[in-house]
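Here is input-v5.txt, consisting of compact mmCIF, C-alpha atoms:
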# COMPACT_ATOMS: atom_id res chain seq x y z
CA MET W 1 39.72 14.91 209.30
CA ALA W 2 38.76 18.58 209.24
CA GLY W 3 39.54 20.54 206.06
CA SER W 4 40.14 17.49 203.92
CA THR W 5 37.89 15.57 201.61
CA ASN W 6 38.07 12.13 200.17
CA VAL W 7 37.80 12.22 196.39
CA GLY W 8 35.61 9.50 195.00
CA GLU W 9 34.54 6.42 196.92
CA GLY W 10 36.38 5.64 200.14
CA SER W 11 37.66 2.31 198.87
CA ASP W 12 38.38 3.40 195.28
CA ASN W 13 40.62 6.43 195.95
CA PRO W 14 42.16 6.63 199.39
CA VAL W 15 43.98 9.99 198.63
CA ASP W 16 42.94 12.89 200.88
CA ILE W 17 43.08 16.44 199.44
CA ASN W 18 43.69 19.13 202.04
CA ILE W 19 41.97 22.33 200.82
CA VAL W 20 42.95 24.58 203.77
CA PRO W 21 46.32 25.62 202.26
CA MET W 22 44.61 26.34 198.93
CA VAL W 23 42.03 28.61 200.65
CA ASP W 24 44.86 30.33 202.55
CA VAL W 25 46.74 31.03 199.33
CA ILE W 26 43.60 32.35 197.61
CA PHE W 27 42.83 34.54 200.64
CA CYS W 28 46.40 35.93 200.64
CA LEU W 29 46.17 36.66 196.90
CA CYS W 30 42.85 38.46 197.37
CA LEU W 31 44.37 40.59 200.16
CA PHE W 32 47.41 41.38 198.03
CA PHE W 33 45.34 42.52 195.05
CA MET W 34 42.93 44.50 197.22
CA CYS W 35 45.78 46.36 198.94
CA SER W 36 47.71 47.05 195.74
CA PHE W 37 44.69 48.26 193.74
CA HIS W 38 44.46 52.04 193.30
CA PHE W 39 41.13 53.68 192.53
CA LYS W 40 41.00 56.62 190.18
CA GLN W 41 40.32 59.71 192.25
CA LEU W 42 37.43 61.71 190.87
CA GLU W 43 37.47 64.45 193.49
CA GLY W 44 40.21 67.02 193.77
CA LYS W 45 41.12 67.07 190.10
CA ILE W 46 39.34 68.83 187.30
CA GLU W 47 40.71 68.31 183.86
CA SER W 48 40.59 71.66 182.11
CA TRP W 49 42.30 73.51 179.35
CA LEU W 50 42.64 77.13 180.38
CA PRO W 51 44.30 79.95 178.47
CA LYS W 52 47.78 80.69 179.76
CA ASP W 53 47.62 84.45 179.14
CA LYS W 54 44.49 85.06 181.26
CA GLY W 55 43.70 84.84 184.96
CA VAL W 56 46.36 84.84 187.66
CA PHE W 57 49.29 84.55 185.28
CA GLY W 58 48.06 87.09 182.73
CA ASP W 59 47.91 90.87 182.76
CA PRO W 60 45.52 92.57 185.17
CA VAL W 61 42.09 93.36 183.79
CA SER W 62 42.04 96.93 182.50
CA ASN W 63 38.25 97.27 182.26
CA PRO W 64 36.55 95.15 184.91
CA ILE W 65 33.00 93.99 184.27
CA LEU W 66 30.65 96.10 186.33
CA GLU W 67 27.78 94.10 187.76
CA GLU W 68 26.35 96.16 190.62
CA ILE W 69 26.91 98.93 193.10
CA ARG W 70 26.91 97.33 196.54
CA ILE W 71 26.29 99.64 199.46
CA ARG W 72 27.22 97.90 202.70
CA MET W 73 25.91 99.39 205.93
CA MET W 74 27.31 98.27 209.29
CA TRP W 75 26.38 99.48 212.76
CA ASN W 76 29.25 100.54 215.04
CA ALA W 77 28.00 100.15 218.62
CA ASN W 78 31.00 101.97 220.13
CA SER W 79 30.37 105.22 218.25
CA SER W 80 26.59 104.69 217.75
CA LYS W 81 27.08 105.42 214.06
CA THR W 82 26.45 103.66 210.76
CA ASN W 83 29.57 102.85 208.73
CA ILE W 84 28.95 102.81 204.96
CA GLN W 85 31.04 101.20 202.23
CA VAL W 86 30.38 101.50 198.50
CA ASN W 87 31.86 98.39 196.88
CA SER W 88 35.15 98.41 198.87
CA ARG W 89 35.49 102.13 199.54
CA SER W 90 34.46 103.59 202.92
CA VAL W 91 32.47 106.80 202.95
CA SER W 92 31.73 109.00 205.96
CA THR W 93 29.35 111.73 204.78
CA ASP W 94 26.30 111.94 202.53
CA ASN W 95 28.15 114.21 200.10
CA GLU W 96 31.00 111.69 199.82
CA LEU W 97 28.46 108.89 199.28
CA THR W 98 26.82 110.91 196.50
CA ALA W 99 30.19 111.57 194.83
CA VAL W 100 31.21 107.90 194.94
CA LEU W 101 27.83 106.76 193.58
CA LEU W 102 28.01 109.31 190.75
CA ALA W 103 31.53 108.12 189.87
CA ASN W 104 30.24 104.53 189.71
CA ILE W 105 27.30 105.58 187.54
CA ASN W 106 29.70 107.33 185.15
CA ASP W 107 31.76 104.12 184.93
CA TYR W 108 28.58 102.27 183.99
CA LYS W 109 27.67 104.83 181.35
CA ARG W 110 31.17 104.64 179.83
CA SER W 111 30.85 100.86 179.58
CA GLY W 112 27.48 101.22 177.82
CA LYS W 113 25.22 100.08 180.67
CA THR W 114 22.18 102.20 181.35
CA ASP W 115 20.42 100.19 184.05
CA VAL W 116 22.50 100.79 187.18
CA PRO W 117 21.57 98.45 190.03
CA ALA W 118 22.29 99.46 193.64
CA ILE W 119 22.17 96.73 196.26
CA ILE W 120 21.83 97.88 199.86
CA ASP W 121 23.33 95.35 202.27
CA ALA W 122 22.40 96.57 205.75
CA GLU W 123 23.11 94.62 208.93
CA ALA W 124 20.20 94.03 211.32
CA PRO W 125 21.16 96.65 213.94
CA VAL W 126 21.44 99.49 211.38
CA PRO W 127 18.62 102.01 212.00
CA TRP W 128 16.01 102.27 209.27
CA GLN W 129 16.55 106.02 209.15
CA SER W 130 20.06 105.42 207.77
CA VAL W 131 18.77 102.96 205.18
CA VAL W 132 16.03 105.35 204.04
CA SER W 133 18.56 108.18 203.81
CA VAL W 134 20.78 106.06 201.50
CA MET W 135 17.70 105.19 199.40
CA ASP W 136 16.88 108.92 199.11
CA ILE W 137 20.41 109.67 197.92
CA CYS W 138 20.12 106.90 195.31
CA LYS W 139 16.79 108.28 194.07
CA ASN W 140 18.14 111.84 193.93
CA ILE W 141 20.95 110.79 191.57
CA ASN W 142 18.53 108.79 189.39
CA ILE W 143 19.36 105.24 190.46
CA GLU W 144 16.00 103.59 189.80
CA LYS W 145 16.91 99.98 190.49
CA ILE W 146 17.43 99.63 194.25
CA GLU W 147 17.57 96.15 195.75
CA PHE W 148 18.12 94.81 199.24
CA ALA W 149 20.55 91.99 199.99
CA SER W 150 19.15 89.14 202.04
CA PRO W 151 20.19 89.41 205.68
CA MET W 152 22.87 87.17 207.08
CA PRO W 153 21.50 84.54 209.48
CA VAL W 154 22.12 85.31 213.13
CA MET W 155 24.35 82.64 214.62
CA ALA W 156 23.76 81.62 218.21
CA PRO W 157 26.88 81.84 220.37
CA LYS W 158 28.60 78.51 220.91
CA LYS W 159 28.29 77.05 224.37
CA PRO W 160 31.52 75.76 225.91
As structure tokens - that is how I would like this structure written.
Amino acid sequence: MAGSTNVGEGSDNPVDINIVPMVDVIFCLCLFFMCSFHFKQLEGKIESWLPKDKGVFGDPVSNPILEEIRIRMMWNANSSKTNIQVNSRSVSTDNELTAVLLANINDYKRSGKTDVPAIIDAEAPVPWQSVVSVMDICKNINIEKIEFASPMPVMAPKKP
């Protein structure tokens, strides 16, 4: 008989024990516990104790921390001209660029920083003449620390 065993000697104990229902019950219990078990999620939650009067819910920052002056240079192919932004402000002429850079330097000096870094972030198609002209303006207004941002990788167009 499949699924049953004879306990003891065949002549001593003629009682057959059918273990198939017992295995079925154990299997069903294992499935039940596996499906009802909830793992503790480690991703998506970060336990933190943050101040309630700072950040998004607090007052806006009155004196932001100045880290750098970022000069972004982008090439406009339609007008064959270089567009320049200092931090988030667009400038169109060299005189305007000089005025904005001097205003940023004065902000640094008021906050007690003497080493004013200028990071030039020029896209690949921007002519070197424009980059050198911005570097000359920085040197003329005594910005000694001039750095270049690493270029963005050129992405190949996706093929349909």
To one decimal place, how far is atom CA of W:Ile119 from atom CA of W:Cys138 in Å?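 Between these atoms lies a distance of 10.4 Å.
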Between atom CA of W:Glu144 and atom CA of W:Trp128, what is the distance, to one decimal in Å?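 Result for atom CA of W:Glu144 versus atom CA of W:Trp128: 19.5 Å, one decimal.
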With all atoms listed in the file as the basis for distance, which of W:Met22, W:Glu123, W:Phe148, W:Gln129 is at the shortest distance from W:Trp75? W:Glu123
Which distance in Å separates atom CA of W:Ser80 and atom CA of W:Ala124, to one decimal? 14.0 Å
Given all atoms listed in the file as the counted atoms, nearest of W:His38, W:Cys30, W:Ile120, W:Ser79 to W:Val132: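 Result for the nearest residue to W:Val132: W:Ile120.
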Can you report as AutoDock Vina command-line options the centre and edge lengths in Å, to one decimal, of an axis-aligned box around the listed atoms of stretch 23-40 of chain W padded with 3 Å on each side?
--center_x 44.4 --center_y 42.6 --center_z 196.4 --size_x 12.7 --size_y 34.0 --size_z 18.4
Kindly indicate which residue among W:Pro21, W:Pro117, W:Pro127, W:Gly112 lies nearest to W:Ile69, using only C-alpha atoms for the distances. W:Pro117
Could you tell me which of W:Asn83, W:Glu68, W:Ser130, W:Asn76 comes closest to W:Asp107 if we count all atoms listed in the file? W:Glu68
